[in-house]
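Coordinates as given in coords23.txt (compact mmCIF, C-alpha atoms (C1' of nucleotides)):
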```txt
# COMPACT_ATOMS: atom_id res chain seq x y z
CA MET A 1260 0.00 0.00 0.00
CA ARG A 1261 1.52 3.27 -1.11
CA THR A 1262 -0.20 5.26 1.65
CA LYS A 1263 1.35 3.07 4.32
CA ASP A 1264 4.78 3.52 2.81
CA THR A 1265 4.42 7.27 2.75
CA GLU A 1266 3.28 7.48 6.32
CA THR A 1267 6.24 5.39 7.43
CA THR A 1268 8.64 7.48 5.37
CA LEU A 1269 7.36 10.66 6.96
CA ARG A 1270 7.67 9.26 10.47
CA ASP A 1271 11.17 7.96 9.77
CA THR A 1272 12.16 11.40 8.56
CA GLY A 1273 10.84 13.12 11.65
CA ILE A 1274 7.76 14.58 10.00
CA GLN A 1275 4.49 14.23 11.85
CA PRO A 1276 2.10 12.67 9.35
CA SER A 1277 -1.24 14.28 8.66
CA ALA A 1278 -3.83 13.44 6.06
CA GLN A 1279 -2.69 16.37 3.92
CA ARG A 1280 1.00 15.56 4.15
CA VAL A 1281 0.41 11.92 3.29
CA ALA A 1282 -1.72 12.94 0.31
CA VAL A 1283 1.04 15.22 -0.97
CA GLY A 1284 3.69 12.60 -0.31
CA ASP A 1285 1.74 9.84 -2.01
CA TYR A 1286 1.96 11.80 -5.19
CA VAL A 1287 5.16 13.77 -5.11
CA LEU A 1288 7.47 11.15 -3.62
CA HIS A 1289 6.60 8.65 -6.33
CA THR A 1290 6.27 10.73 -9.48
CA ASP A 1291 8.70 11.24 -12.30
CA GLU A 1292 6.81 14.03 -14.01
CA HIS A 1293 8.90 16.75 -12.36
CA PRO A 1294 5.93 18.78 -11.16
CA SER A 1295 5.84 22.44 -10.24
CA ALA A 1296 4.26 23.37 -6.93
CA ASP A 1297 0.98 24.25 -8.57
CA LEU A 1298 0.90 20.98 -10.48
CA VAL A 1299 1.36 19.17 -7.18
CA TRP A 1300 -1.58 21.14 -5.82
CA LYS A 1301 -3.70 20.18 -8.82
CA ARG A 1302 -2.79 16.48 -8.64
CA VAL A 1303 -3.39 16.24 -4.91
CA ARG A 1304 -6.75 17.97 -5.19
CA GLU A 1305 -7.92 15.19 -7.49
CA ARG A 1306 -8.03 12.90 -4.48
CA PHE A 1307 -8.17 15.49 -1.71
CA PRO A 1308 -10.20 18.41 -3.06
CA TRP A 1309 -10.32 20.56 0.04
CA ILE A 1310 -6.55 20.94 0.52
CA SER A 1311 -5.33 24.51 0.44
CA ARG A 1312 -2.58 26.04 -1.63
CA ALA A 1313 -0.62 27.18 1.38
CA THR A 1314 -0.56 23.66 2.80
CA VAL A 1315 0.86 22.24 -0.40
CA TYR A 1316 3.59 24.89 -0.45
CA ASN A 1317 4.34 24.39 3.23
CA THR A 1318 4.51 20.64 2.79
CA LEU A 1319 6.80 20.80 -0.23
CA ASN A 1320 9.13 23.16 1.61
CA LEU A 1321 9.13 20.85 4.60
CA PHE A 1322 9.94 17.83 2.43
CA VAL A 1323 12.83 19.70 0.80
CA GLU A 1324 14.15 20.79 4.19
CA LYS A 1325 14.00 17.21 5.45
CA GLY A 1326 15.73 15.87 2.36
CA LEU A 1327 12.85 13.93 0.85
CA LEU A 1328 12.69 16.15 -2.22
CA GLN A 1329 15.05 18.17 -4.34
CA ARG A 1330 14.07 21.59 -5.54
CA LEU A 1331 15.27 22.05 -9.12
CA HIS A 1332 15.60 25.34 -10.95
CA LEU A 1333 15.82 24.06 -14.48
CA ALA A 1334 12.55 24.91 -16.14
CA GLU A 1335 11.64 28.05 -17.97
CA ASP A 1336 8.65 28.86 -15.90
CA SER A 1337 8.98 27.64 -12.39
CA VAL A 1338 10.72 25.65 -9.78
CA ILE A 1339 10.04 21.93 -9.91
CA PHE A 1340 10.33 19.11 -7.43
CA ASP A 1341 12.02 15.74 -7.79
CA PRO A 1342 11.92 12.90 -5.29
CA LYS A 1343 15.45 12.55 -3.96
CA THR A 1344 16.02 8.90 -4.47
CA ASP A 1345 19.30 8.39 -6.27
CA THR A 1346 21.24 11.24 -7.86
CA HIS A 1347 20.83 11.68 -11.58
CA HIS A 1348 21.33 14.19 -14.36
CA HIS A 1349 18.71 16.05 -16.34
CA PHE A 1350 17.94 16.54 -19.99
CA ILE A 1351 15.58 19.34 -21.02
CA ASP A 1352 13.71 19.02 -24.28
CA GLU A 1353 13.98 22.44 -25.84
CA GLU A 1354 10.83 21.93 -27.87
CA SER A 1355 8.39 20.84 -25.20
CA GLY A 1356 10.18 21.94 -22.05
CA ALA A 1357 9.81 18.40 -20.71
CA ILE A 1358 12.47 17.22 -18.32
CA HIS A 1359 13.94 13.74 -18.56
CA ASP A 1360 16.07 11.97 -16.01
CA VAL A 1361 19.46 10.70 -17.14
CA PRO A 1362 20.84 7.89 -14.96
CA TRP A 1363 23.91 8.84 -12.96
CA ASP A 1364 26.30 6.42 -14.68
CA ARG A 1365 25.38 7.29 -18.24
CA VAL A 1366 27.80 10.21 -18.20
CA GLN A 1367 30.84 10.87 -16.06
CA VAL A 1368 32.20 14.11 -14.74
CA CYS A 1369 35.95 14.26 -14.10
CA ASN A 1370 38.13 16.54 -12.00
CA VAL A 1371 35.43 18.01 -9.81
CA GLU A 1372 37.71 17.23 -6.88
CA THR A 1373 40.52 19.32 -8.38
CA LEU A 1374 38.66 22.58 -7.92
CA ARG A 1375 40.76 24.21 -5.26
CA GLU A 1376 38.54 27.08 -4.27
CA PHE A 1377 35.25 25.19 -4.01
CA GLU A 1378 34.05 22.44 -1.74
CA VAL A 1379 31.50 20.71 -3.94
CA HIS A 1380 28.69 19.00 -2.05
CA ASP A 1381 26.79 17.81 -5.08
CA TYR A 1382 26.61 18.37 -8.78
CA GLN A 1383 24.71 17.33 -11.86
CA VAL A 1384 24.97 17.71 -15.60
CA VAL A 1385 22.17 19.74 -17.18
CA MET A 1386 21.72 19.05 -20.88
CA ARG A 1387 19.47 20.75 -23.39
CA GLY A 1388 18.50 19.58 -26.81
CA THR A 1389 15.89 17.69 -28.75
CA LEU A 1390 14.65 14.13 -28.75
CA LYS A 1391 16.20 12.12 -31.54
CA SER A 1392 13.60 11.49 -34.20
CA GLY A 1393 15.75 8.90 -36.03
CA ARG A 1394 14.77 6.38 -33.40
CA ARG A 1395 11.10 6.30 -34.28
CA ARG A 1396 10.25 2.85 -35.57
CA SER A 1397 8.17 1.96 -38.64
CA HIS A 1398 7.95 4.22 -41.69
CA MET B 287 35.32 52.55 -25.95
CA ARG B 288 32.86 50.12 -24.51
CA THR B 289 29.84 51.97 -25.91
CA LYS B 290 31.20 51.72 -29.41
CA ASP B 291 31.78 48.00 -28.99
CA THR B 292 28.27 47.43 -27.77
CA GLU B 293 26.71 49.36 -30.60
CA THR B 294 28.73 47.39 -33.13
CA THR B 295 27.84 44.12 -31.43
CA LEU B 296 24.16 44.95 -31.60
CA ARG B 297 24.32 45.89 -35.27
CA ASP B 298 26.31 42.76 -36.11
CA THR B 299 23.65 40.68 -34.37
CA GLY B 300 20.82 42.29 -36.30
CA ILE B 301 19.56 44.39 -33.41
CA GLN B 302 18.77 48.00 -34.13
CA PRO B 303 20.71 49.98 -31.54
CA SER B 304 18.95 52.55 -29.42
CA ALA B 305 20.23 54.54 -26.48
CA GLN B 306 18.38 52.22 -24.09
CA ARG B 307 19.61 49.02 -25.69
CA VAL B 308 23.19 50.23 -25.70
CA ALA B 309 22.92 51.21 -22.05
CA VAL B 310 21.62 47.76 -21.14
CA GLY B 311 24.25 46.08 -23.31
CA ASP B 312 27.08 48.14 -21.88
CA TYR B 313 26.35 46.64 -18.53
CA VAL B 314 24.96 43.18 -19.09
CA LEU B 315 27.24 42.05 -21.90
CA HIS B 316 30.35 42.76 -19.84
CA THR B 317 29.40 41.76 -16.32
CA ASP B 318 30.20 38.62 -14.41
CA GLU B 319 27.91 39.29 -11.48
CA HIS B 320 25.13 37.10 -12.91
CA PRO B 321 22.40 39.69 -12.47
CA SER B 322 18.68 39.13 -12.28
CA ALA B 323 16.47 41.23 -14.52
CA ASP B 324 15.71 43.67 -11.73
CA LEU B 325 19.39 44.04 -10.88
CA VAL B 326 20.05 44.91 -14.52
CA TRP B 327 17.32 47.54 -14.26
CA LYS B 328 18.91 48.98 -11.14
CA ARG B 329 22.42 49.05 -12.61
CA VAL B 330 21.33 50.63 -15.86
CA ARG B 331 19.32 53.32 -14.06
CA GLU B 332 22.50 54.47 -12.36
CA ARG B 333 23.60 55.90 -15.68
CA PHE B 334 20.25 56.13 -17.44
CA PRO B 335 17.69 56.97 -14.77
CA TRP B 336 14.64 57.38 -16.98
CA ILE B 337 14.70 53.87 -18.52
CA SER B 338 11.56 51.86 -17.85
CA ARG B 339 11.25 48.42 -16.42
CA ALA B 340 9.45 47.07 -19.48
CA THR B 341 12.27 48.20 -21.75
CA VAL B 342 14.87 46.38 -19.68
CA TYR B 343 12.83 43.19 -19.76
CA ASN B 344 12.17 43.55 -23.49
CA THR B 345 15.84 44.16 -24.18
CA LEU B 346 17.02 41.21 -22.12
CA ASN B 347 14.57 38.93 -23.88
CA LEU B 348 15.73 40.25 -27.23
CA PHE B 349 19.38 39.67 -26.35
CA VAL B 350 18.61 36.10 -25.29
CA GLU B 351 16.66 35.46 -28.49
CA LYS B 352 19.55 36.79 -30.57
CA GLY B 353 22.09 34.72 -28.68
CA LEU B 354 23.98 37.50 -26.91
CA LEU B 355 22.90 36.32 -23.47
CA GLN B 356 22.08 33.08 -21.77
CA ARG B 357 19.14 32.86 -19.44
CA LEU B 358 20.10 30.69 -16.47
CA HIS B 359 17.69 29.08 -14.03
CA LEU B 360 20.10 28.24 -11.28
CA ALA B 361 19.40 30.66 -8.48
CA GLU B 362 16.99 30.24 -5.66
CA ASP B 363 15.07 33.35 -6.29
CA SER B 364 15.05 34.30 -9.92
CA VAL B 365 16.26 33.88 -13.40
CA ILE B 366 19.66 35.40 -14.08
CA PHE B 367 21.52 36.47 -17.20
CA ASP B 368 25.02 35.61 -18.34
CA PRO B 369 26.83 37.05 -21.34
CA LYS B 370 27.24 34.17 -23.77
CA THR B 371 30.91 34.41 -24.47
CA ASP B 372 32.51 31.03 -24.03
CA THR B 373 30.70 28.11 -22.47
CA HIS B 374 31.44 27.43 -18.86
CA HIS B 375 30.10 25.62 -15.83
CA HIS B 376 28.58 27.06 -12.68
CA PHE B 377 29.19 26.71 -9.00
CA ILE B 378 26.55 27.93 -6.56
CA ASP B 379 27.61 28.92 -3.07
CA GLU B 380 24.98 27.39 -0.85
CA GLU B 381 25.61 29.93 1.89
CA SER B 382 25.37 33.17 -0.01
CA GLY B 383 23.60 32.05 -3.17
CA ALA B 384 26.40 33.65 -5.21
CA ILE B 385 27.13 32.08 -8.56
CA HIS B 386 30.70 31.52 -9.74
CA ASP B 387 31.85 30.65 -13.22
CA VAL B 388 33.94 27.50 -13.62
CA PRO B 389 36.08 27.48 -16.78
CA TRP B 390 35.04 24.92 -19.35
CA ASP B 391 38.21 22.84 -19.19
CA ARG B 392 38.43 22.56 -15.42
CA VAL B 393 36.08 19.58 -15.46
CA GLN B 394 35.27 17.13 -18.22
CA VAL B 395 32.04 15.38 -19.02
CA CYS B 396 32.29 12.04 -20.78
CA ASN B 397 29.83 9.98 -22.81
CA VAL B 398 27.32 12.71 -23.54
CA GLU B 399 27.45 11.56 -27.15
CA THR B 400 26.46 8.01 -26.18
CA LEU B 401 22.98 9.05 -25.13
CA ARG B 402 20.96 7.39 -27.84
CA GLU B 403 17.62 8.99 -27.27
CA PHE B 404 18.72 12.62 -26.90
CA GLU B 405 20.35 15.03 -29.29
CA VAL B 406 22.27 17.24 -26.89
CA HIS B 407 22.79 20.81 -28.13
CA ASP B 408 24.58 22.07 -25.08
CA TYR B 409 25.22 21.12 -21.51
CA GLN B 410 26.90 22.32 -18.37
CA VAL B 411 27.80 21.01 -14.96
CA VAL B 412 25.98 22.70 -12.08
CA MET B 413 27.76 22.32 -8.76
CA ARG B 414 26.63 23.33 -5.29
CA GLY B 415 28.69 23.65 -2.17
CA THR B 416 30.66 26.08 -0.08
CA LEU B 417 33.75 28.17 -0.64
CA LYS B 418 36.85 26.66 0.87
CA SER B 419 37.79 28.85 3.79
CA GLY B 420 41.37 27.60 4.02
CA ARG B 421 42.21 29.68 0.99
CA ARG B 422 41.25 33.08 2.33
CA ARG B 423 44.24 35.33 2.35
CA SER B 424 44.89 37.71 5.23
CA HIS B 425 41.36 38.31 6.49
C1' DA C 918 13.77 68.99 -45.10
C1' DC C 919 9.06 66.52 -45.02
C1' DG C 920 6.14 62.98 -43.95
C1' DC C 921 4.90 58.33 -43.42
C1' DA C 922 5.61 53.64 -41.94
C1' DA C 923 7.86 50.79 -38.96
C1' DC C 924 9.99 50.29 -34.82
C1' DT C 925 10.90 51.33 -29.84
C1' DT C 926 9.76 53.02 -25.36
C1' DT C 927 6.76 53.92 -21.68
C1' DA C 928 3.45 53.69 -17.55
C1' DG C 929 0.55 51.13 -15.63
C1' DA C 930 -2.62 47.18 -15.64
C1' DC C 931 -2.50 42.45 -15.37
C1' DA C 932 -0.86 37.55 -14.44
C1' DT C 933 1.51 34.18 -11.84
C1' DA C 934 4.39 32.14 -8.22
C1' DG C 935 5.23 32.14 -3.74
C1' DT C 936 5.16 33.82 1.33
C1' DC C 937 2.98 35.55 5.45
C1' DT C 938 -0.59 36.14 8.95
C1' DA C 939 -3.94 35.30 12.19
C1' DA C 940 -7.61 32.50 13.20
C1' DA C 941 -9.61 27.91 13.25
C1' DA C 942 -9.01 23.02 13.49
C1' DC C 943 -6.73 19.18 14.84
C1' DT C 944 -3.55 15.93 17.87
C1' DG C 945 -1.45 13.83 21.66
C1' DC C 946 -1.53 13.18 26.20
C1' DG C 947 -2.15 14.02 31.31
C1' DC D 558 -12.24 16.15 29.14
C1' DG D 559 -9.21 19.95 28.34
C1' DC D 560 -4.91 22.17 27.42
C1' DA D 561 -0.65 23.03 24.71
C1' DG D 562 1.50 22.52 20.67
C1' DT D 563 1.11 21.65 15.85
C1' DT D 564 -1.15 21.94 11.41
C1' DT D 565 -4.33 23.85 8.15
C1' DT D 566 -6.72 27.45 6.05
C1' DA D 567 -8.31 31.73 3.35
C1' DG D 568 -6.94 35.59 1.92
C1' DA D 569 -3.76 39.52 1.92
C1' DC D 570 0.60 40.62 0.37
C1' DT D 571 5.10 40.67 -2.38
C1' DA D 572 7.96 39.85 -6.30
C1' DT D 573 8.77 38.72 -10.94
C1' DG D 574 7.48 39.03 -15.37
C1' DT D 575 4.17 40.04 -19.51
C1' DC D 576 0.82 42.76 -22.04
C1' DT D 577 -1.42 46.85 -23.88
C1' DA D 578 -2.20 51.02 -25.96
C1' DA D 579 -0.45 55.39 -26.51
C1' DA D 580 3.47 58.32 -27.32
C1' DG D 581 7.99 58.97 -29.08
C1' DT D 582 11.90 57.79 -32.50
C1' DT D 583 14.06 56.43 -36.62
C1' DG D 584 14.89 55.37 -41.37
C1' DC D 585 14.14 56.49 -45.74
C1' DG D 586 11.87 57.82 -50.21
C1' DT D 587 10.74 61.89 -52.33
```
Same coordinates, now as structure tokens:
Amino acid sequence: MRTKDTETTLRDTGIQPSAQRVAVGDYVLHTDEHPSADLVWKRVRERFPWISRATVYNTLNLFVEKGLLQRLHLAEDSVIFDPKTDTHHHFIDEESGAIHDVPWDRVQVCNVETLREFEVHDYQVVMRGTLKSGRRRSH
Amino acid sequence: MRTKDTETTLRDTGIQPSAQRVAVGDYVLHTDEHPSADLVWKRVRERFPWISRATVYNTLNLFVEKGLLQRLHLAEDSVIFDPKTDTHHHFIDEESGAIHDVPWDRVQVCNVETLREFEVHDYQVVMRGTLKSGRRRSH
DNA sequence: ACGCAACTTTAGACATAGTCTAAAACTGCG
DNA sequence: CGCAGTTTTAGACTATGTCTAAAGTTGCGT
């Protein structure tokens, strides 16, 4: 049961579960659609119509603070959220604006540790481009 | 003369120069402080106090469209602009939010070309962390 | 130099994303 | 039950950015 998982995750992270927080977590901790805050609000309202905007924002901020989510600043229009499971890179489709995950070991970054003046805590490669059309099958 | 340069740059890029556009260009095409749109407005008003907010936004958008600037979505609070000279990476100081340029050849990214499903037009490494304090000189 | 068309600038209205506030509603627990 | 602390809520507020319609410039043919 996804709801059970979420409730446990919240408790393990030191977040007191509430119906609203579990509803937000059920969606945002298991999605790969890289939602903005308002998309999270919309999705959660589908199953929990009376939840308020402020609660969704508060909850997302709490999840980020507790390390359950990453806040990403990649998109043209707004900040988006990404469940912080394993680290990965991002590819942004310049035509649609859609964001795709790129598995961590598909590209390698070298010499980050040689930067003398910076202590790097984390990093990612951000790529932009288009989806290859040559890979469509049939005709 | 910087003003002359900017005017020539605009003309060469197919942008009709105007006093306002040159004033914006004089600042934003030669800065490394990674300004937000409103910081550009503030800076330009120091020398050109009657320029309007809409003009600054219009001009920045025009410069991005024509390839003179990059729009970056790295910062916590807003979109920032970066003169598109040579490509480089970015390091974000988690304490101050300041953005530092990292020269292109200080780190290397491998296997970008092996991504079958994406046609990558450009990419950069985005790093987060803190400034190493051991390297401060004097105080 | 004149005058028109096209372009640029402007102030302010509008839109959107996000935060804050103060009151109401819940929760855990003695 | 009842209190203290936490959470939720609506709506006001702020900041960032776009749009609009009018006014101002510019380029250019005559």
For chain D, the nearest of the candidates A:Lys1301, A:Arg1280, A:Arg1270, A:His1347, counting all atoms listed in the file: A:Arg1280
Can you tell me which residues surround Thr295 in chain B at a distance of at most 12 Å, considering only C-alpha atoms (C1' of nucleotides), apart from same-chain residues fewer than 5 positions away, and format the answer as a short mmCIF file (atom, residue, chain, number, x, y, z; two decimals) with C-alpha atoms, in the coordinates of the input?
```cif
data_model
loop_
_atom_site.label_atom_id
_atom_site.label_comp_id
_atom_site.auth_asym_id
_atom_site.auth_seq_id
_atom_site.Cartn_x
_atom_site.Cartn_y
_atom_site.Cartn_z
CA ARG B 288 32.86 50.12 -24.51
CA THR B 289 29.84 51.97 -25.91
CA LYS B 290 31.20 51.72 -29.41
CA GLY B 300 20.82 42.29 -36.30
CA ILE B 301 19.56 44.39 -33.41
CA GLN B 302 18.77 48.00 -34.13
CA PRO B 303 20.71 49.98 -31.54
CA ARG B 307 19.61 49.02 -25.69
CA VAL B 308 23.19 50.23 -25.70
CA GLY B 311 24.25 46.08 -23.31
CA ASP B 312 27.08 48.14 -21.88
CA LEU B 315 27.24 42.05 -21.90
CA HIS B 316 30.35 42.76 -19.84
CA PHE B 349 19.38 39.67 -26.35
CA LYS B 352 19.55 36.79 -30.57
CA GLY B 353 22.09 34.72 -28.68
CA LEU B 354 23.98 37.50 -26.91
#
```
Please produce, as a tab-separated table, a per-residue contact table for chain A versus chain C (criterion: any atom at most 12 Å away, only C-alpha atoms (C1' of nucleotides) considered), showing the nearest atom pair and its distance in Å to one decimal, sorted by chain then residue number.
```
residue	atom	partner	partner_atom	distance
A:Gln1275	CA	C:DT944	C1'	10.2
A:Pro1276	CA	C:DT944	C1'	10.7
A:Ser1277	CA	C:DC943	C1'	9.6
A:Ala1278	CA	C:DC943	C1'	10.9
A:Gln1279	CA	C:DC943	C1'	12.0
A:Ser1295	CA	C:DA934	C1'	10.0
A:Ala1296	CA	C:DA934	C1'	8.9
A:Asp1297	CA	C:DA934	C1'	8.6
A:Leu1298	CA	C:DA934	C1'	11.9
A:Arg1312	CA	C:DG935	C1'	10.1
A:Ala1313	CA	C:DT936	C1'	8.8
A:Thr1314	CA	C:DT936	C1'	11.8
A:Val1315	CA	C:DG935	C1'	11.3
A:Tyr1316	CA	C:DG935	C1'	8.1
A:Asn1317	CA	C:DT936	C1'	9.7
A:Leu1319	CA	C:DG935	C1'	12.0
A:Asn1320	CA	C:DG935	C1'	11.2
A:Asp1336	CA	C:DA934	C1'	9.4
A:Ser1337	CA	C:DA934	C1'	7.7
A:Val1338	CA	C:DA934	C1'	9.2
A:Ile1339	CA	C:DA934	C1'	11.8
```
Coordinates of chain B after Cα superposition on chain A, as a compact mmCIF listing (two decimals) with C-alpha atoms, keeping the file's coordinate frame:
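As a result, superposed.txt now contains:
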```
# COMPACT_ATOMS: atom_id res chain seq x y z
CA MET B 287 0.33 -0.13 -0.14
CA ARG B 288 1.74 3.15 -1.24
CA THR B 289 -0.04 5.12 1.49
CA LYS B 290 1.52 2.99 4.16
CA ASP B 291 4.96 3.50 2.66
CA THR B 292 4.54 7.23 2.56
CA GLU B 293 3.37 7.44 6.14
CA THR B 294 6.34 5.38 7.28
CA THR B 295 8.72 7.49 5.21
CA LEU B 296 7.39 10.66 6.78
CA ARG B 297 7.70 9.29 10.31
CA ASP B 298 11.21 8.01 9.64
CA THR B 299 12.17 11.47 8.41
CA GLY B 300 10.82 13.18 11.50
CA ILE B 301 7.74 14.59 9.81
CA GLN B 302 4.46 14.23 11.62
CA PRO B 303 2.11 12.61 9.12
CA SER B 304 -1.25 14.17 8.41
CA ALA B 305 -3.83 13.26 5.81
CA GLN B 306 -2.71 16.20 3.66
CA ARG B 307 0.98 15.44 3.92
CA VAL B 308 0.44 11.80 3.05
CA ALA B 309 -1.67 12.78 0.06
CA VAL B 310 1.05 15.10 -1.20
CA GLY B 311 3.74 12.50 -0.51
CA ASP B 312 1.82 9.73 -2.23
CA TYR B 313 2.05 11.68 -5.42
CA VAL B 314 5.23 13.70 -5.31
CA LEU B 315 7.55 11.11 -3.79
CA HIS B 316 6.74 8.59 -6.51
CA THR B 317 6.41 10.67 -9.65
CA ASP B 318 8.88 11.23 -12.44
CA GLU B 319 6.95 13.97 -14.19
CA HIS B 320 9.00 16.73 -12.52
CA PRO B 321 5.99 18.73 -11.37
CA SER B 322 5.85 22.38 -10.46
CA ALA B 323 4.23 23.31 -7.17
CA ASP B 324 0.95 24.14 -8.85
CA LEU B 325 0.93 20.85 -10.74
CA VAL B 326 1.37 19.05 -7.43
CA TRP B 327 -1.61 20.99 -6.11
CA LYS B 328 -3.68 19.98 -9.12
CA ARG B 329 -2.71 16.31 -8.91
CA VAL B 330 -3.34 16.06 -5.20
CA ARG B 331 -6.75 17.73 -5.51
CA GLU B 332 -7.84 14.93 -7.81
CA ARG B 333 -7.95 12.66 -4.80
CA PHE B 334 -8.16 15.25 -2.03
CA PRO B 335 -10.21 18.13 -3.41
CA TRP B 336 -10.39 20.28 -0.29
CA ILE B 337 -6.61 20.70 0.21
CA SER B 338 -5.46 24.30 0.13
CA ARG B 339 -2.74 25.84 -1.93
CA ALA B 340 -0.81 27.04 1.12
CA THR B 341 -0.69 23.52 2.54
CA VAL B 342 0.78 22.12 -0.66
CA TYR B 343 3.46 24.80 -0.71
CA ASN B 344 4.19 24.33 2.99
CA THR B 345 4.43 20.58 2.57
CA LEU B 346 6.73 20.77 -0.43
CA ASN B 347 9.02 23.16 1.41
CA LEU B 348 9.03 20.85 4.41
CA PHE B 349 9.89 17.84 2.26
CA VAL B 350 12.77 19.74 0.66
CA GLU B 351 14.06 20.86 4.05
CA LYS B 352 13.94 17.28 5.33
CA GLY B 353 15.70 15.94 2.25
CA LEU B 354 12.85 13.96 0.71
CA LEU B 355 12.69 16.18 -2.36
CA GLN B 356 15.05 18.21 -4.45
CA ARG B 357 14.04 21.62 -5.66
CA LEU B 358 15.29 22.07 -9.22
CA HIS B 359 15.63 25.37 -11.05
CA LEU B 360 15.95 24.07 -14.56
CA ALA B 361 12.69 24.86 -16.27
CA GLU B 362 11.80 27.96 -18.15
CA ASP B 363 8.77 28.80 -16.17
CA SER B 364 9.03 27.61 -12.62
CA VAL B 365 10.71 25.66 -9.95
CA ILE B 366 10.06 21.93 -10.07
CA PHE B 367 10.35 19.10 -7.58
CA ASP B 368 12.08 15.75 -7.91
CA PRO B 369 11.98 12.91 -5.41
CA LYS B 370 15.50 12.60 -4.05
CA THR B 371 16.10 8.94 -4.56
CA ASP B 372 19.38 8.43 -6.33
CA THR B 373 21.33 11.26 -7.89
CA HIS B 374 20.94 11.71 -11.59
CA HIS B 375 21.46 14.22 -14.36
CA HIS B 376 18.87 16.11 -16.37
CA PHE B 377 18.14 16.62 -20.01
CA ILE B 378 15.80 19.41 -21.05
CA ASP B 379 13.95 19.11 -24.33
CA GLU B 380 14.25 22.53 -25.87
CA GLU B 381 11.11 22.04 -27.94
CA SER B 382 8.64 20.94 -25.32
CA GLY B 383 10.40 22.02 -22.14
CA ALA B 384 10.00 18.47 -20.81
CA ILE B 385 12.65 17.29 -18.39
CA HIS B 386 14.12 13.80 -18.63
CA ASP B 387 16.22 12.02 -16.05
CA VAL B 388 19.63 10.76 -17.16
CA PRO B 389 21.00 7.94 -15.00
CA TRP B 390 24.03 8.86 -12.95
CA ASP B 391 26.44 6.48 -14.66
CA ARG B 392 25.55 7.36 -18.24
CA VAL B 393 27.97 10.28 -18.17
CA GLN B 394 31.00 10.92 -16.00
CA VAL B 395 32.36 14.15 -14.65
CA CYS B 396 36.08 14.29 -13.96
CA ASN B 397 38.24 16.56 -11.82
CA VAL B 398 35.51 18.01 -9.64
CA GLU B 399 37.74 17.21 -6.69
CA THR B 400 40.59 19.29 -8.13
CA LEU B 401 38.72 22.54 -7.68
CA ARG B 402 40.80 24.12 -4.96
CA GLU B 403 38.58 26.97 -3.98
CA PHE B 404 35.25 25.13 -3.78
CA GLU B 405 34.01 22.37 -1.53
CA VAL B 406 31.50 20.67 -3.80
CA HIS B 407 28.64 18.95 -1.95
CA ASP B 408 26.80 17.78 -5.00
CA TYR B 409 26.66 18.38 -8.70
CA GLN B 410 24.83 17.35 -11.81
CA VAL B 411 25.12 17.76 -15.54
CA VAL B 412 22.34 19.79 -17.15
CA MET B 413 21.94 19.12 -20.85
CA ARG B 414 19.71 20.84 -23.39
CA GLY B 415 18.77 19.68 -26.83
CA THR B 416 16.16 17.79 -28.77
CA LEU B 417 14.89 14.24 -28.76
CA LYS B 418 16.33 12.14 -31.53
CA SER B 419 13.51 11.49 -33.95
CA GLY B 420 15.19 8.54 -35.65
CA ARG B 421 14.34 6.42 -32.65
CA ARG B 422 10.58 6.81 -32.70
CA ARG B 423 8.96 3.47 -33.14
CA SER B 424 5.94 3.03 -35.39
CA HIS B 425 4.40 6.50 -35.22
```
Do me a favour and pick out the residues of chain B within 9 Å of chain A, using all atoms listed in the file, as an mmCIF file with C-alpha atoms, in the frame of the given file.
```
data_model
loop_
_atom_site.group_PDB
_atom_site.id
_atom_site.type_symbol
_atom_site.label_atom_id
_atom_site.label_comp_id
_atom_site.auth_asym_id
_atom_site.auth_seq_id
_atom_site.Cartn_x
_atom_site.Cartn_y
_atom_site.Cartn_z
ATOM 1 C CA LEU B 358 20.100 30.690 -16.470
ATOM 2 C CA HIS B 359 17.690 29.080 -14.030
ATOM 3 C CA LEU B 360 20.100 28.240 -11.280
ATOM 4 C CA ALA B 361 19.400 30.660 -8.480
ATOM 5 C CA GLU B 362 16.990 30.240 -5.660
ATOM 6 C CA VAL B 365 16.260 33.880 -13.400
ATOM 7 C CA PHE B 377 29.190 26.710 -9.000
ATOM 8 C CA ASP B 379 27.610 28.920 -3.070
ATOM 9 C CA VAL B 388 33.940 27.500 -13.620
ATOM 10 C CA ARG B 392 38.430 22.560 -15.420
ATOM 11 C CA VAL B 393 36.080 19.580 -15.460
ATOM 12 C CA GLN B 394 35.270 17.130 -18.220
ATOM 13 C CA VAL B 395 32.040 15.380 -19.020
ATOM 14 C CA CYS B 396 32.290 12.040 -20.780
ATOM 15 C CA ASN B 397 29.830 9.980 -22.810
ATOM 16 C CA VAL B 398 27.320 12.710 -23.540
ATOM 17 C CA THR B 400 26.460 8.010 -26.180
ATOM 18 C CA LEU B 401 22.980 9.050 -25.130
ATOM 19 C CA ARG B 402 20.960 7.390 -27.840
ATOM 20 C CA GLU B 403 17.620 8.990 -27.270
ATOM 21 C CA PHE B 404 18.720 12.620 -26.900
ATOM 22 C CA GLU B 405 20.350 15.030 -29.290
ATOM 23 C CA VAL B 406 22.270 17.240 -26.890
ATOM 24 C CA HIS B 407 22.790 20.810 -28.130
ATOM 25 C CA ASP B 408 24.580 22.070 -25.080
ATOM 26 C CA TYR B 409 25.220 21.120 -21.510
ATOM 27 C CA GLN B 410 26.900 22.320 -18.370
ATOM 28 C CA VAL B 411 27.800 21.010 -14.960
ATOM 29 C CA VAL B 412 25.980 22.700 -12.080
ATOM 30 C CA MET B 413 27.760 22.320 -8.760
ATOM 31 C CA ARG B 414 26.630 23.330 -5.290
ATOM 32 C CA GLY B 415 28.690 23.650 -2.170
ATOM 33 C CA THR B 416 30.660 26.080 -0.080
ATOM 34 C CA LEU B 417 33.750 28.170 -0.640
ATOM 35 C CA LYS B 418 36.850 26.660 0.870
ATOM 36 C CA SER B 419 37.790 28.850 3.790
ATOM 37 C CA GLY B 420 41.370 27.600 4.020
ATOM 38 C CA ARG B 421 42.210 29.680 0.990
#
```
